[in-house]
$ cat target_9.txt   # compact mmCIF, C-alpha atoms
# COMPACT_ATOMS: atom_id res chain seq x y z
CA MET A 1 -7.66 -54.17 -18.38
CA ASN A 2 -5.07 -52.04 -20.18
CA GLU A 3 -2.17 -54.23 -19.14
CA GLU A 4 -3.90 -57.28 -20.57
CA GLN A 5 -4.22 -55.42 -23.88
CA GLY A 6 -0.53 -54.32 -23.77
CA LEU A 7 -1.49 -50.72 -22.93
CA PRO A 8 0.04 -48.68 -20.09
CA PRO A 9 -1.66 -49.21 -16.70
CA GLU A 10 -4.41 -46.78 -15.65
CA LEU A 11 -6.11 -46.12 -12.34
CA PRO A 12 -9.73 -47.22 -12.41
CA ASP A 13 -12.25 -44.40 -12.51
CA ILE A 14 -15.97 -44.40 -11.84
CA LEU A 15 -16.92 -44.35 -15.52
CA LYS A 16 -14.67 -47.29 -16.38
CA ILE A 17 -16.15 -49.28 -13.51
CA LEU A 18 -19.67 -48.27 -14.55
CA SER A 19 -18.93 -49.11 -18.15
CA LYS A 20 -17.74 -52.54 -17.14
CA SER A 21 -20.73 -53.19 -14.92
CA ILE A 22 -23.32 -52.22 -17.54
CA SER A 23 -21.47 -53.56 -20.54
CA SER A 24 -24.59 -55.41 -21.60
CA VAL A 25 -26.26 -52.08 -22.39
CA PRO A 26 -25.01 -50.51 -25.69
CA ILE A 27 -24.38 -47.09 -24.10
CA GLY A 28 -22.41 -48.71 -21.29
CA GLN A 29 -19.89 -50.26 -23.67
CA ASN A 30 -18.75 -46.83 -24.94
CA LEU A 31 -19.28 -44.84 -21.76
CA TYR A 32 -15.59 -44.77 -20.85
CA LEU A 33 -14.78 -43.27 -24.25
CA TRP A 34 -16.49 -40.06 -23.07
CA GLU A 35 -14.89 -40.03 -19.66
CA ASN A 36 -12.75 -36.96 -20.37
CA ILE A 37 -15.80 -34.99 -21.46
CA VAL A 38 -17.80 -36.16 -18.46
CA PHE A 39 -15.05 -35.23 -16.00
CA SER A 40 -14.55 -31.91 -17.78
CA LEU A 41 -18.25 -31.19 -17.42
CA LEU A 42 -18.00 -32.13 -13.75
CA VAL A 43 -15.18 -29.61 -13.35
CA ILE A 44 -17.22 -26.99 -15.20
CA ALA A 45 -20.22 -27.66 -12.97
CA VAL A 46 -18.13 -27.39 -9.79
CA LEU A 47 -16.36 -24.20 -10.88
CA SER A 48 -19.58 -22.58 -12.07
CA PHE A 49 -21.35 -23.49 -8.84
CA VAL A 50 -18.52 -22.11 -6.71
CA ALA A 51 -18.39 -18.91 -8.79
CA TYR A 52 -22.16 -18.54 -8.60
CA ARG A 53 -22.29 -19.12 -4.83
CA ALA A 54 -19.35 -16.77 -4.22
CA THR A 55 -20.80 -13.89 -6.22
CA ARG A 56 -24.50 -14.42 -5.64
CA LYS A 57 -24.67 -11.64 -3.06
CA PRO A 58 -21.38 -9.82 -3.38
CA THR A 59 -20.48 -7.45 -0.57
CA LEU A 60 -17.63 -5.01 -0.04
CA VAL A 61 -16.79 -6.90 3.15
CA PRO A 62 -16.54 -10.44 1.73
CA GLY A 63 -17.48 -13.76 3.30
CA ARG A 64 -15.12 -16.75 3.24
CA LEU A 65 -16.08 -18.11 -0.18
CA GLN A 66 -16.23 -14.68 -1.80
CA ASN A 67 -12.91 -13.87 -0.21
CA ALA A 68 -11.32 -17.04 -1.61
CA VAL A 69 -12.67 -16.33 -5.10
CA GLU A 70 -11.53 -12.71 -4.85
CA VAL A 71 -8.03 -13.84 -3.89
CA ILE A 72 -7.88 -16.11 -6.96
CA VAL A 73 -9.37 -13.52 -9.32
CA GLY A 74 -7.26 -10.70 -7.91
CA GLY A 75 -4.12 -12.84 -8.10
CA LEU A 76 -4.78 -13.77 -11.72
CA ASP A 77 -5.59 -10.15 -12.55
CA ASP A 78 -2.26 -9.06 -11.07
CA PHE A 79 -0.48 -11.90 -12.85
CA VAL A 80 -1.87 -11.08 -16.30
CA CYS A 81 -1.73 -7.29 -15.94
CA GLY A 82 1.79 -7.63 -14.55
CA ILE A 83 2.89 -9.05 -17.90
CA LEU A 84 0.53 -7.31 -20.34
CA GLY A 85 0.10 -4.00 -18.53
CA PRO A 86 -3.26 -2.26 -17.96
CA LYS A 87 -4.55 -3.50 -21.35
CA GLY A 88 -4.18 -7.04 -20.03
CA ARG A 89 -7.40 -6.63 -18.03
CA LYS A 90 -9.28 -7.55 -21.23
CA TYR A 91 -7.58 -10.96 -21.32
CA VAL A 92 -7.90 -11.77 -17.61
CA PRO A 93 -11.19 -13.69 -17.99
CA PHE A 94 -9.76 -15.89 -20.76
CA ILE A 95 -6.41 -16.64 -19.12
CA GLY A 96 -8.02 -16.86 -15.69
CA THR A 97 -10.57 -19.39 -16.92
CA LEU A 98 -7.77 -21.43 -18.46
CA PHE A 99 -5.93 -21.33 -15.14
CA VAL A 100 -8.77 -22.50 -12.91
CA TYR A 101 -9.99 -25.03 -15.49
CA ILE A 102 -6.60 -26.65 -16.09
CA PHE A 103 -5.68 -26.58 -12.41
CA THR A 104 -8.93 -28.24 -11.35
CA MET A 105 -8.69 -30.83 -14.12
CA ASN A 106 -5.11 -31.59 -13.04
CA MET A 107 -6.15 -31.99 -9.44
CA ILE A 108 -9.24 -34.18 -9.79
CA GLY A 109 -7.04 -37.02 -11.03
CA LEU A 110 -5.70 -37.28 -7.49
CA ILE A 111 -9.18 -38.01 -6.11
CA PRO A 112 -9.87 -41.75 -6.13
CA PHE A 113 -12.16 -42.95 -8.94
CA LEU A 114 -11.84 -39.68 -10.84
CA LYS A 115 -9.57 -38.96 -13.78
CA SER A 116 -7.69 -35.89 -15.01
CA PRO A 117 -9.14 -34.89 -18.39
CA THR A 118 -5.81 -33.13 -19.04
CA ALA A 119 -4.16 -36.54 -19.30
CA SER A 120 -5.85 -36.69 -22.70
CA TRP A 121 -4.17 -34.94 -25.60
CA SER A 122 -7.57 -34.14 -27.11
CA THR A 123 -8.44 -32.05 -24.05
CA THR A 124 -5.16 -30.14 -23.93
CA LEU A 125 -5.11 -29.67 -27.71
CA ALA A 126 -8.64 -28.25 -27.55
CA LEU A 127 -7.46 -25.71 -24.97
CA ALA A 128 -4.30 -24.93 -26.96
CA LEU A 129 -6.42 -24.42 -30.10
CA CYS A 130 -8.62 -21.98 -28.21
CA VAL A 131 -5.48 -20.08 -27.18
CA PHE A 132 -4.14 -20.20 -30.76
CA VAL A 133 -7.36 -18.87 -32.29
CA TYR A 134 -7.78 -16.14 -29.69
CA VAL A 135 -4.15 -15.00 -30.03
CA GLN A 136 -4.43 -14.88 -33.84
CA TYR A 137 -7.75 -13.03 -33.59
CA THR A 138 -6.20 -10.54 -31.15
CA ALA A 139 -3.15 -10.06 -33.39
CA VAL A 140 -5.30 -9.32 -36.46
CA LYS A 141 -7.64 -7.09 -34.46
CA GLU A 142 -4.86 -5.08 -32.82
CA LEU A 143 -2.37 -4.92 -35.71
CA GLY A 144 -4.59 -5.33 -38.76
CA ILE A 145 -3.94 -8.01 -41.37
CA GLY A 146 -1.10 -6.05 -42.98
CA GLY A 147 0.41 -5.21 -39.62
CA TYR A 148 0.18 -8.82 -38.51
CA LEU A 149 1.89 -10.07 -41.69
CA ASP A 150 4.50 -7.38 -41.15
CA HIS A 151 4.90 -8.58 -37.57
CA LEU A 152 5.36 -12.15 -38.82
CA ALA A 153 8.09 -10.94 -41.20
CA GLY A 154 10.05 -9.90 -38.12
CA GLN A 155 10.47 -6.54 -36.42
CA PRO A 156 12.64 -4.54 -36.08
CA ARG A 157 14.41 -5.45 -39.28
CA GLY A 158 17.20 -2.86 -39.51
CA ALA A 159 19.47 -3.53 -42.48
CA MET A 160 17.38 -6.59 -43.34
CA ALA A 161 14.56 -4.31 -44.47
CA TYR A 162 16.43 -3.81 -47.77
CA THR A 163 16.60 -7.53 -48.49
CA VAL A 164 13.67 -9.69 -49.53
CA ILE A 165 14.91 -13.14 -48.70
CA MET A 166 15.43 -12.59 -44.97
CA PRO A 167 11.95 -11.14 -44.18
CA VAL A 168 10.32 -13.92 -46.23
CA PHE A 169 12.44 -16.53 -44.48
CA ILE A 170 11.59 -15.10 -41.07
CA PHE A 171 7.93 -14.90 -42.07
CA PHE A 172 7.83 -18.64 -42.76
CA LEU A 173 9.77 -19.34 -39.59
CA HIS A 174 7.24 -17.32 -37.58
CA VAL A 175 4.31 -19.07 -39.26
CA ILE A 176 5.80 -22.45 -38.39
CA ALA A 177 6.46 -21.27 -34.83
CA GLU A 178 2.85 -20.07 -34.51
CA LEU A 179 1.55 -23.43 -35.77
CA ILE A 180 3.81 -25.40 -33.45
CA ARG A 181 2.70 -23.49 -30.37
CA PRO A 182 -0.59 -25.40 -29.89
CA LEU A 183 1.28 -28.68 -30.25
CA SER A 184 3.98 -27.75 -27.74
CA LEU A 185 1.46 -26.27 -25.30
CA SER A 186 -0.86 -29.25 -25.43
CA LEU A 187 1.76 -32.00 -25.47
CA ARG A 188 3.71 -30.51 -22.56
CA LEU A 189 0.64 -30.39 -20.34
CA ARG A 190 -0.81 -33.71 -21.45
CA SER A 191 2.48 -35.59 -21.13
CA ASN A 192 3.18 -34.33 -17.62
CA VAL A 193 -0.29 -35.13 -16.32
CA TRP A 194 -0.42 -38.47 -18.12
CA GLY A 195 3.07 -39.36 -16.83
CA ASP A 196 1.97 -38.64 -13.26
CA GLU A 197 -1.21 -40.69 -13.64
CA LEU A 198 0.81 -43.54 -15.10
CA LEU A 199 3.30 -43.39 -12.21
CA LEU A 200 0.48 -43.35 -9.65
CA ALA A 201 -1.16 -46.31 -11.42
CA VAL A 202 2.09 -48.30 -11.33
CA LEU A 203 2.76 -47.40 -7.68
CA SER A 204 -0.76 -48.30 -6.62
CA GLY A 205 -0.06 -51.77 -7.96
CA PHE A 206 2.69 -52.19 -5.32
CA GLY A 207 0.12 -52.54 -2.57
CA LEU A 208 0.77 -51.30 1.00
CA GLY A 209 4.56 -51.50 0.52
CA GLY A 210 4.40 -48.82 -2.14
CA LEU A 211 2.16 -46.56 -0.06
CA PRO A 212 4.91 -44.10 1.11
CA LEU A 213 6.13 -43.77 -2.44
CA LEU A 214 2.56 -43.30 -3.64
CA VAL A 215 1.90 -40.56 -1.09
CA PHE A 216 5.19 -38.84 -2.00
CA ASN A 217 4.34 -38.99 -5.70
CA MET A 218 0.85 -37.65 -5.04
CA ALA A 219 2.46 -34.64 -3.37
CA MET A 220 4.76 -34.30 -6.36
CA ALA A 221 1.72 -34.59 -8.64
CA VAL A 222 0.09 -31.67 -6.81
CA LEU A 223 3.23 -29.62 -7.34
CA MET A 224 3.43 -30.68 -10.98
CA GLY A 225 -0.25 -29.79 -11.48
CA ILE A 226 0.36 -26.28 -10.18
CA VAL A 227 3.58 -25.84 -12.16
CA GLN A 228 2.07 -27.06 -15.43
CA THR A 229 -0.97 -24.82 -15.00
CA VAL A 230 1.28 -21.83 -14.39
CA VAL A 231 3.49 -22.73 -17.37
CA PHE A 232 0.47 -23.04 -19.68
CA CYS A 233 -0.92 -19.69 -18.54
CA ILE A 234 2.43 -17.86 -18.59
CA LEU A 235 3.03 -19.03 -22.16
CA THR A 236 -0.48 -17.99 -23.17
CA THR A 237 0.07 -14.56 -21.62
CA ILE A 238 3.41 -14.24 -23.39
CA TYR A 239 1.77 -15.11 -26.73
CA PHE A 240 -0.64 -12.23 -26.12
CA ALA A 241 2.22 -9.99 -25.04
CA LEU A 242 4.13 -10.74 -28.24
CA VAL A 243 1.28 -9.59 -30.46
CA LEU A 244 0.36 -6.62 -28.24
CA SER A 245 3.90 -5.32 -27.72
CA HIS A 246 4.02 -3.72 -31.19
CA GLU A 247 1.56 -1.09 -30.04
CA HIS A 248 4.16 0.32 -27.65
CA GLU A 249 7.06 0.41 -30.10
CA PRO A 250 6.53 3.91 -31.58
CA THR A 251 6.29 5.38 -28.09
CA ALA A 252 9.41 3.50 -27.06
CA ALA A 253 11.24 4.70 -30.16
CA ILE A 254 10.24 8.30 -29.48
CA SER A 255 11.33 8.08 -25.86
CA GLU A 256 14.65 6.59 -26.93
CA LYS A 257 15.26 9.55 -29.29
CA MET B 1 0.99 -40.91 -37.07
CA GLU B 2 0.85 -43.11 -33.96
CA LEU B 3 0.60 -39.91 -31.94
CA LEU B 4 -2.32 -38.65 -34.00
CA LYS B 5 -4.28 -41.81 -33.19
CA MET B 6 -4.52 -40.51 -29.63
CA LEU B 7 -6.63 -37.62 -30.87
CA SER B 8 -10.36 -37.67 -31.27
CA THR B 9 -11.96 -34.92 -33.34
CA SER B 10 -15.29 -35.23 -31.57
CA GLU B 11 -13.57 -35.00 -28.18
CA ILE B 12 -11.59 -31.95 -29.27
CA VAL B 13 -14.76 -30.23 -30.45
CA ALA B 14 -16.58 -31.21 -27.27
CA GLN B 15 -13.71 -29.93 -25.13
CA ILE B 16 -13.61 -26.63 -27.04
CA ILE B 17 -17.34 -26.21 -26.48
CA SER B 18 -16.91 -27.15 -22.81
CA PHE B 19 -14.15 -24.62 -22.35
CA LEU B 20 -16.13 -21.89 -24.09
CA LEU B 21 -19.13 -22.77 -21.92
CA LEU B 22 -17.03 -22.45 -18.77
CA PHE B 23 -15.49 -19.25 -20.09
CA PHE B 24 -18.88 -17.63 -20.58
CA LEU B 25 -20.25 -18.95 -17.28
CA LEU B 26 -17.27 -17.70 -15.31
CA ARG B 27 -17.36 -14.44 -17.20
CA ILE B 28 -20.91 -13.93 -16.00
CA PHE B 29 -20.54 -15.26 -12.45
CA ALA B 30 -16.95 -14.54 -11.57
CA TRP B 31 -14.78 -12.33 -13.70
CA ASN B 32 -17.05 -9.39 -14.43
CA LYS B 33 -18.59 -9.31 -10.97
CA VAL B 34 -15.45 -9.95 -8.96
CA LEU B 35 -13.22 -7.67 -11.02
CA ALA B 36 -15.81 -4.90 -10.77
CA LEU B 37 -16.05 -5.53 -7.04
CA LEU B 38 -12.26 -5.47 -6.67
CA ASP B 39 -12.10 -2.25 -8.67
CA ALA B 40 -14.87 -0.72 -6.55
CA ARG B 41 -13.10 -1.76 -3.36
CA ARG B 42 -9.75 -0.50 -4.67
CA GLU B 43 -11.40 2.80 -5.60
CA LYS B 44 -13.13 3.00 -2.22
CA ILE B 45 -9.87 2.32 -0.38
CA ALA B 46 -8.03 4.83 -2.57
CA ALA B 47 -10.78 7.41 -1.94
CA GLU B 48 -10.60 6.75 1.79
CA PHE B 49 -6.84 7.10 1.70
CA ARG B 50 -7.22 10.34 -0.23
CA GLU B 51 -9.74 11.52 2.36
CA ILE B 52 -7.39 10.51 5.17
CA GLU B 53 -4.58 12.40 3.47
CA GLU B 54 -6.82 15.45 3.11
CA VAL B 55 -7.85 15.25 6.78
CA LYS B 56 -4.21 14.79 7.76
CA ALA B 57 -3.27 17.85 5.69
CA GLU B 58 -6.10 19.81 7.30
CA VAL B 59 -5.04 18.67 10.77
CA ALA B 60 -1.44 19.61 9.95
CA LYS B 61 -2.65 23.04 8.79
CA ILE B 62 -4.74 23.51 11.95
CA LYS B 63 -1.77 22.37 14.03
CA ALA B 64 0.51 24.80 12.22
CA ASP B 65 -2.05 27.61 12.75
CA TYR B 66 -2.38 26.62 16.38
CA GLU B 67 1.39 26.55 16.83
CA ALA B 68 1.66 29.91 15.05
CA GLN B 69 -1.02 31.30 17.37
CA LEU B 70 0.78 29.83 20.36
CA ALA B 71 4.01 31.39 19.16
CA ALA B 72 2.20 34.73 18.69
CA ILE B 73 0.70 34.40 22.16
CA ASP B 74 4.13 33.64 23.56
CA GLN B 75 5.56 36.65 21.78
CA THR B 76 2.73 38.84 23.03
CA ALA B 77 3.16 37.52 26.55
CA ALA B 78 6.90 38.13 26.39
CA ARG B 79 6.31 41.63 25.05
CA LYS B 80 3.71 42.36 27.74
CA ILE B 81 6.05 41.05 30.43
CA GLN B 82 8.81 43.20 29.02
CA GLU B 83 6.51 46.20 29.01
CA ALA B 84 5.39 45.42 32.54
CA VAL B 85 9.00 45.12 33.66
CA ILE B 86 9.82 48.44 32.01
CA ALA B 87 6.71 50.03 33.55
CA ALA B 88 7.58 48.53 36.95
CA LYS B 89 11.12 49.86 36.63
CA GLN B 90 9.73 53.26 35.76
CA VAL B 91 7.34 53.18 38.71
CA SER B 92 10.14 52.00 40.95
CA GLU B 93 12.37 54.78 39.67
CA ASP B 94 9.58 57.30 40.24
CA ILE B 95 8.95 56.00 43.75
CA ARG B 96 12.69 56.02 44.44
CA LYS B 97 12.98 59.59 43.17
CA GLN B 98 9.92 60.62 45.12
CA ALA B 99 11.28 58.96 48.27
CA HIS B 100 14.64 60.56 47.68
CA GLY B 101 13.00 63.99 47.30
CA GLU B 102 10.90 63.37 50.38
CA ALA B 103 13.96 62.32 52.35
CA GLU B 104 15.85 65.40 51.21
CA ARG B 105 12.88 67.51 52.13
CA ILE B 106 12.69 65.88 55.58
CA ILE B 107 16.43 66.28 56.05
CA ARG B 108 16.26 69.87 54.95
CA SER B 109 13.30 70.51 57.22
CA GLY B 110 15.11 68.75 60.07
CA ARG B 111 18.17 70.86 59.50
CA GLU B 112 16.12 74.01 59.42
CA SER B 113 14.31 72.93 62.53
CA ALA B 114 17.60 72.07 64.22
CA GLN B 115 19.03 75.38 63.12
CA PHE B 116 16.00 77.15 64.48
CA GLU B 117 16.20 75.20 67.75
CA LEU B 118 19.91 75.94 67.94
CA SER B 119 19.28 79.67 67.47
CA LYS B 120 16.50 79.56 69.97
CA THR B 121 18.65 77.66 72.47
CA LYS B 122 21.49 80.09 71.90
CA GLU B 123 19.16 83.00 72.60
CA VAL B 124 17.83 81.34 75.77
CA LEU B 125 21.32 80.49 76.83
CA LYS B 126 22.41 84.03 76.14
CA ASN B 127 19.62 85.43 78.26
CA GLU B 128 20.37 82.98 81.02
CA ILE B 129 24.04 83.85 80.93
CA VAL B 130 23.15 87.54 81.07
CA ASP B 131 20.96 86.97 84.05
CA LEU B 132 23.62 84.87 85.65
CA VAL B 133 26.30 87.54 85.00
CA ILE B 134 24.09 90.25 86.46
CA LYS B 135 23.42 88.20 89.51
CA THR B 136 27.12 87.36 89.90
CA VAL B 137 28.21 90.97 89.45
CA LYS B 138 25.54 92.07 91.84
CA GLY B 139 26.81 89.61 94.37
CA VAL B 140 30.50 90.59 93.86
CA ILE B 141 30.14 94.32 93.82
CA GLY B 142 27.12 94.56 96.01
CA GLU B 143 25.26 96.92 93.83
CA THR B 144 23.10 96.97 90.81
CA LEU B 145 24.56 98.17 87.61
CA THR B 146 22.85 100.60 85.44
CA GLY B 147 21.34 99.71 82.22
CA GLU B 148 24.14 101.10 80.20
CA GLN B 149 26.81 99.46 82.31
CA ASP B 150 24.98 96.18 82.13
CA GLU B 151 24.76 96.27 78.44
CA ARG B 152 28.39 97.23 77.98
CA MET B 153 29.60 94.50 80.31
CA ILE B 154 27.36 91.92 78.79
CA GLU B 155 28.45 92.85 75.31
CA GLU B 156 32.06 92.50 76.28
CA PHE B 157 31.41 89.20 77.97
CA LEU B 158 29.56 87.84 75.00
CA GLN B 159 32.25 88.92 72.61
CA LYS B 160 34.76 87.01 74.72
CA ILE B 161 32.57 83.92 74.63
CA GLU B 162 32.24 84.13 70.87
CA LYS B 163 36.02 84.52 70.50
CA ALA B 164 36.44 81.51 72.74
CA GLU B 165 34.13 79.45 70.52

$ encode --input "target_9.txt" --output "structure tokens"
Amino acid sequence: MNEEQGLPPELPDILKILSKSISSVPIGQNLYLWENIVFSLLVIAVLSFVAYRATRKPTLVPGRLQNAVEVIVGGLDDFVCGILGPKGRKYVPFIGTLFVYIFTMNMIGLIPFLKSPTASWSTTLALALCVFVYVQYTAVKELGIGGYLDHLAGQPRGAMAYTVIMPVFIFFLHVIAELIRPLSLSLRLRSNVWGDELLLAVLSGFGLGGLPLLVFNMAMAVLMGIVQTVVFCILTTIYFALVLSHEHEPTAAISEK
Amino acid sequence: MELLKMLSTSEIVAQIISFLLLFFLLRIFAWNKVLALLDARREKIAAEFREIEEVKAEVAKIKADYEAQLAAIDQTAARKIQEAVIAAKQVSEDIRKQAHGEAERIIRSGRESAQFELSKTKEVLKNEIVDLVIKTVKGVIGETLTGEQDERMIEEFLQKIEKAE
């Protein structure tokens, strides 16, 4: 359908097929427009169900499902607290949710007739905006408005503290960098997932002859899905670390003296 | 601008709401519960390790006490053995001295007895010699000597015997 319209090829998913088959009904014609939301909700439902089942009757000696969830939660806790320190525990739910959500959305594109919602820029931008807002909120909450503006003007300044131009210049640079972060975060993830889906769609058009290549690229897509999830979450954690690190500076300065 | 056409405001809003929904659901079902559980388990394990360390320290203390007691017992035993050896040596020395004294006494008694027997034998022998001399003289001269003669002759004879000895 896309190729006929001059658009890049796409693998058919259940909603596109359904939309085609019930195109006579008004809702059916626009059903595929909401496919990313529908698949996102499917991911949410699956993750919530798994989390609910795993922690319904938690025990100190865990069962298989609880054990698997504990491994993921414990691993993410170590990951976040490893970068942010003990205060990072507060941000584990946010970053951990991003991790499992993005990873699952990346992976469901590999299941036939399903689609990765992360192949859509709207999805990844929505997640990046959530990160942006939460990081800014954290920065203002932890540093105060004045402290945050001071942070944006660049620290430590040294001799530059006596100039006006340089702090103002750095302030605008930081503001631009902050605003670009959601774009870079979202486009990196979206482009990688979309590129993989595109490649799989092209390879699936080769028929049986392209099967080995398709299988190889599916394996690569799994690897890419993991890597992109980790990259997104590491960057998010680093954004938090950058606004939280100022709290430790006086102590560090004292210890240096 | 072409890039921006890929975006849909309604989809962005819906995705934000979806993410926040998942965030709150997982916060309730997973993060709070599991992190609390992990903390509880970590604390339990740490407490058990602490307890094990305490028990190990106690066992080490008991072992040290036991070894100290064993060492004290060994010392006591060695001292007692030493004392017993000294006592045994003393007893042995006493017995040896006693035996030595007894032997000296027996030897002395034996010597006295021998001396007495010797004197007695000498006396008997003397009397027998006297009798024999009297008989011999009687036989040679054919008569019996008087008491005074006998005594004089016997005295002379005995003096000769003593000189000969």

$ atom_distance --input "target_9.txt" --atom1 "CA of Arg64 in chain A" --atom2 "CA of Gly96 in chain A"
20.2 Å

$ closest_atom_pairs --input "target_9.txt" --of "chain B" --to "chain A" --cutoff "8 Å" --atoms "all atoms listed in the file" --output "CSV"
residue,atom,partner,partner_atom,distance
B:Met6,CA,A:Trp121,CA,6.9
B:Leu7,CA,A:Ser122,CA,5.2
B:Ser8,CA,A:Ser122,CA,6.1
B:Thr9,CA,A:Ser122,CA,7.7
B:Glu11,CA,A:Ser122,CA,6.2
B:Ile12,CA,A:Ala126,CA,5.0
B:Val13,CA,A:Ala126,CA,7.1
B:Ala14,CA,A:Ile37,CA,7.0
B:Gln15,CA,A:Thr123,CA,5.8
B:Ile16,CA,A:Ala126,CA,5.3
B:Ser18,CA,A:Leu41,CA,6.9
B:Phe19,CA,A:Leu127,CA,7.3
B:Leu22,CA,A:Ile44,CA,5.8
B:Phe23,CA,A:Thr97,CA,5.9
B:Leu25,CA,A:Ser48,CA,6.4
B:Leu26,CA,A:Ser48,CA,6.3
B:Arg27,CA,A:Pro93,CA,6.3
B:Phe29,CA,A:Tyr52,CA,5.3
B:Ala30,CA,A:Ala51,CA,5.4
B:Trp31,CA,A:Pro93,CA,5.8
B:Lys33,CA,A:Thr55,CA,7.0
B:Val34,CA,A:Glu70,CA,6.3
B:Leu35,CA,A:Val73,CA,7.2
B:Leu37,CA,A:Leu60,CA,7.2
B:Leu38,CA,A:Gly74,CA,7.3
B:Arg41,CA,A:Leu60,CA,6.5

$ residues_around --input "target_9.txt" --residues "range 116-132 of chain B" --least-positions-apart "5" --cutoff "9 Å" --atoms "all atoms listed in the file" --output "ChimeraX atom specification"
/B:111,137,150,154,157-158

$ residues_around --input "target_9.txt" --residues "range 213-217 of chain A" --least-positions-apart "4" --cutoff "12 Å" --atoms "only C-alpha atoms" --output "ChimeraX atom specification"
/A:110,195-209,221-225

$ residues_near_point --input "target_9.txt" --point "(-10.4, -47.4, -14.0)" --cutoff "10 Å" --atoms "all atoms listed in the file" --output "PyMOL selection string"
chain A and resi 1-2+9-20+32+112-115+201

$ atom_distance --input "target_9.txt" --atom1 "CA of Gly154 in chain A" --atom2 "CA of Met166 in chain A"
9.1 Å

$ atom_distance --input "target_9.txt" --atom1 "CA of Leu76 in chain A" --atom2 "CA of Pro182 in chain A"
22.0 Å
